[in-house]
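Asker: Quick one: the structure is below, and I'll ask about it shortly.
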Amino acid sequence: MLVKQLVFFFFSLISQFQKSSSQSLYFIYNGFRPPLTDISIQGIAAVTPNGLLKLTNATTRKTGHAFYTKPIRFKDSPNGNVSSFSTTFVFAISPQLRMLSGFGMTFVVSPKPSLPYAGASQYMGLFNATNNGDDTNHVFAVELDTIPNLEVNDMDENHVGLDINSLISINSSRAGYWDKTGQFKNLTMITSKPMQVWIDYDGLTHQIDVTMAPINEDKPRKPLVSTVKDLSSVLFQDMFVGFSSSTALVIASDHFVLGWSFAVKGKAPPLALSKLPKIPRFGPTKIQSFYKNRLPLFSLVLIPVLLILSIVFLVRFIVRRRRKFAEEIEDWETEFAKIRMKFKDLYYATKGFKEKGLLGSGGFGSVYKGVMPKTKKKIAVKRVSNESRQGLKEFVSEIVSIGRMSHRNLVPLLGYCRRKNELLLVYDYMPNGSLDKYLYNSPEVTLDWRQRFKVIKGVASGLFFLHEEWEQVVIHRDIKASNVLLDAELNGRLGDFGLARLCGHGSDPLTTRVAGTWGYLAPDHIRTGRTTTTTDVFAFGVLLLEVACGRRPIEIQNEIDERVLLGDLVFEFWNEGNILDAKDPNIGSEYDEREVEMVLKLGLLCSHSDPYARPTMRQVLNYLNGDATLPDLSPLDLRGNGMMMLGIHHRVSEFDMSNGASSIVDSVLSGGR
């Protein structure tokens, strides 16, 4: 008797917990037979007598929705990560005219159990012309689309796509499945035949898989659409799940859901396929009989209507396309016509500047990888935002002038494009990326000392060319490891001339704005705002220490999170008589100790707090090439008035490092030039 009471108490406790929680762990519907207390039917959606969930009917330009009314808890906390979830459903699409389909349907995860403002036709009851593409939608959907829409870049008339806040799918594939032999078989979704779809999201890896197959096939091992996307910023803690669809102006389809199951933190329960309701046989319907009996008259009406609609869609497409690629060329740009590139070419080269092709982001722009459509040449495109037109002409003129330079250790500028409020700079693509990814945080691929020394000499050669060999003096102003790129032979090339300044030999550029990156800024530049070739030498000295030590210019030390300059650390090793202990252990066992020691000391000398004590790049290059011997220096030689190089003991915390900012790049397109 006591055991029965305990069991009853245990199950009562579980029941009370479930009633008090808004979380639905799983549900399953093998058909939708009344009464449906947990399914909300909206718009033209309905439930047939035999248990089919019918989203649409013959009504034109209407939407149909069906939602599970209880909220699903996708996150354990409001700011947490989305948990794994899984769903499967069986659907069928029956066109009212044979092989002429209306628009498709979607499975949708929405913040609310309804979509009252969603549009019909091409919006499939999901979005409308105003909110399509708005990140505040917080909607995730899988579309089963049966009409191609050029406005949202649909691939064809029979595809499955992943949608996030927009009908422009982040990934899509032609409908079909991979059979047991590994062969891909196409599926036509408007055949009235039931098909099963599986949607799985992994909360740890963020992988989204969509799989489909005919109803009589097991779930294929290989998904149809697969992508990695963290949904934590898209979905709220509690969301609602359901289906949406819509009808068009002329041709419509019936969209059916035969069965549906869903689960959070587990696999969706398998459907009992034998218990699912049957799709009704579609003989000659009233609408088909109407078309058959009045086909000549109907053709006279339908063909002109379709022709007019096609022309309207075509005109809209052309107008939107022209607006999308519109460029305004001003008179002053005619002198740069030879290297001015078309935005359309760069857009297609980078596949629309998608995040997948993002190489990195800098102080005032993002860099994308691309392939020119005609020449197949690989490029890197930097998009520079410009909220003000002031100084744009001068900036373009200066950039183009720098682009005329040619040196084996500089990244060549291939061209530029100006469009609306942004500037695009096109560079030669460097296949091995930037130097910084080989130095910090236990990189997967490292460089040995021979390779590092080769990079150092290459950058020094390029910088010497800028300072002394070209027709004008070029002060780079942003020398750092992330701006040193490696070509196919691992040669170091100095790139990103977005902050560079030009001046005549024997004169200084007229600028009083502090620009560059913390850790590379010379104390004299911070005090006065003036840039000279010596400020570049200072930054190059810090780069030498980075390459030799495998450390960042500024590091957090000890328990109080004090930021310490790399030069301080190297100087302390030197002062203790063991400067080689500062070297990066990843440089390998084969290296010249005298060479490493020379680079460390040269780095300290170049980054001396006194600009007059720094060597020129001509001298630096002579030291690196062995054409001159570095002076016999000691720690005392780099002391001055009780201050070591780098302005020590001025710790980084004395500068404005609010919010952890690492750059104080000036606005290169808004004056201050």
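Following the order of the structure tokens, first chain is A, next is B, and so on, with residues numbered from 1 inside each chain and ligands from 1 in the order they appear.
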Got a sec: who's within 7 Å of Ser245 of chain A, counting only C-alpha atoms, leaving out chain neighbours fewer than 3 positions off, as a CSV table (one decimal) with N, CA and C atoms, in the first residue's frame?
Answerer:
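As written to disk, result08.csv reads:
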chain,number,residue,atom,x,y,z
A,55,LEU,N,-3.4,23.2,-45.8
A,55,LEU,CA,-3.0,24.6,-45.6
A,55,LEU,C,-3.7,25.6,-46.6
A,56,THR,N,-4.0,25.1,-47.8
A,56,THR,CA,-4.6,26.0,-48.8
A,56,THR,C,-5.7,25.4,-49.5
A,63,THR,N,-3.4,33.3,-47.5
A,63,THR,CA,-2.4,32.6,-46.7
A,63,THR,C,-3.1,31.6,-45.8
A,64,GLY,N,-2.4,30.5,-45.5
A,64,GLY,CA,-2.9,29.5,-44.6
A,64,GLY,C,-1.8,29.1,-43.6
A,65,HIS,N,-2.1,29.0,-42.3
A,65,HIS,CA,-1.2,28.7,-41.3
A,65,HIS,C,-1.7,27.7,-40.3
A,104,GLY,N,4.9,27.4,-53.0
A,104,GLY,CA,5.2,26.3,-52.1
A,104,GLY,C,4.7,26.5,-50.6
A,105,MET,N,5.3,25.8,-49.7
A,105,MET,CA,5.0,25.9,-48.3
A,105,MET,C,6.3,25.8,-47.5
A,106,THR,N,6.1,26.2,-46.1
A,106,THR,CA,7.3,26.2,-45.3
A,106,THR,C,7.0,25.6,-43.9
A,124,MET,N,4.8,33.2,-49.6
A,124,MET,CA,4.4,31.9,-49.0
A,124,MET,C,3.9,32.0,-47.6
A,125,GLY,N,3.2,33.1,-47.3
A,125,GLY,CA,2.6,33.3,-45.9
A,125,GLY,C,3.7,33.4,-44.8
Asker: In Å, rounded to a single decimal, give me how far atom CA of Glu590 of chain A is from atom CA of Leu565 of chain A.
Answerer: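 Going from atom CA of Leu565 of chain A over to atom CA of Glu590 of chain A, I get 28.0 Å.
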Asker: Excluding Ala118 of chain A and any residue of its chain fewer than 2 positions from it, enumerate the residues within 6 Å of it, using only C-alpha atoms, and give them as number ranges by chain.
Answerer: A: 115-116, 125-128
Asker: Skipping near chain neighbours, those fewer than 5 positions away, what residues fall within 7 Å of segment 534-537 of chain A using only C-alpha atoms, listed as a PDB file with C-alpha atoms, in the first residue's frame?
Answerer:
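Result went into around_11.pdb, see below:
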ATOM      1  CA  ILE A 475      54.584  56.481 -44.857  1.00  0.00           C
ATOM      2  CA  HIS A 476      52.538  53.343 -44.293  1.00  0.00           C
ATOM      3  CA  ARG A 477      51.312  54.177 -40.745  1.00  0.00           C
ATOM      4  CA  ILE A 479      52.663  48.194 -40.121  1.00  0.00           C
ATOM      5  CA  ALA A 522      55.595  55.405 -31.442  1.00  0.00           C
ATOM      6  CA  HIS A 525      53.512  60.005 -32.726  1.00  0.00           C
ATOM      7  CA  CYS A 606      64.041  50.288 -34.033  1.00  0.00           C
ATOM      8  CA  PRO A 611      63.047  58.799 -32.886  1.00  0.00           C
ATOM      9  CA  ARG A 614      66.178  54.659 -34.556  1.00  0.00           C
ATOM     10  CA  MET A 617      65.248  51.336 -43.239  1.00  0.00           C
TER      11      MET A 617
END
Asker: For a quick check of understanding, using only C-alpha atoms, which of A:Lys267, A:Lys75, A:His138, A:His255 has the smallest distance to Ile190 of chain A?
Answerer: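 Ranked by minimum distance to Ile190 of chain A, first place goes to A:His255.
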Asker: Using only C-alpha atoms, which of A:Ser261, A:Asn165, A:Ser172, A:Asn149 sits nearest Thr87 of chain A?
Answerer: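 Answer, going by the shortest atom-to-atom distance: A:Ser261.
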Asker: With distances taken over only C-alpha atoms, which of A:Leu204, A:Ile72, A:Leu499, A:Leu624 is nearest to Leu544 of chain A?
Answerer: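 Of A:Leu204, A:Ile72, A:Leu499, A:Leu624, the one nearest Leu544 of chain A is A:Leu624, counting only C-alpha atoms.
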Asker: With a distance cut-off of 10 Å and only C-alpha atoms, select the neighbouring residues of Leu273 of chain A, excluding the residue or stretch itself and same-chain residues fewer than 3 positions from it, and output the selection as a list of chain:residue names.
Answerer: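 Contacts, in chain order: A:Asn30, A:Gly31, A:Val90, A:Gln196, A:Ile215, A:Asn216, A:Leu258, A:Gly259, A:Pro270, A:Leu276, A:Pro277.
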Asker: Just the residues within 12 Å of Arg281 of chain A, please, counting only C-alpha atoms, with nothing from its chain fewer than 5 positions along; format it as an MDAnalysis selection string.
Answerer: chainID A and resid 94 96 191:193
Asker: Keeping only N, CA and C atoms, write those residues as a tab-separated table (two decimals), in the first residue's frame.
Answerer:
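Writing the result to selection_5.tsv gives the following:
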chain	number	residue	atom	x	y	z
A	94	SER	N	-0.54	19.11	-54.17
A	94	SER	CA	-1.38	18.68	-55.29
A	94	SER	C	-1.78	19.90	-56.12
A	96	GLN	N	-3.76	22.09	-58.81
A	96	GLN	CA	-5.12	22.00	-59.33
A	96	GLN	C	-5.13	21.89	-60.85
A	191	THR	N	3.63	16.33	-57.40
A	191	THR	CA	3.04	15.12	-57.99
A	191	THR	C	1.90	14.56	-57.15
A	192	SER	N	1.53	15.23	-56.05
A	192	SER	CA	0.49	14.75	-55.12
A	192	SER	C	0.94	13.53	-54.31
A	193	LYS	N	2.20	13.11	-54.48
A	193	LYS	CA	2.71	11.95	-53.74
A	193	LYS	C	3.25	12.39	-52.39
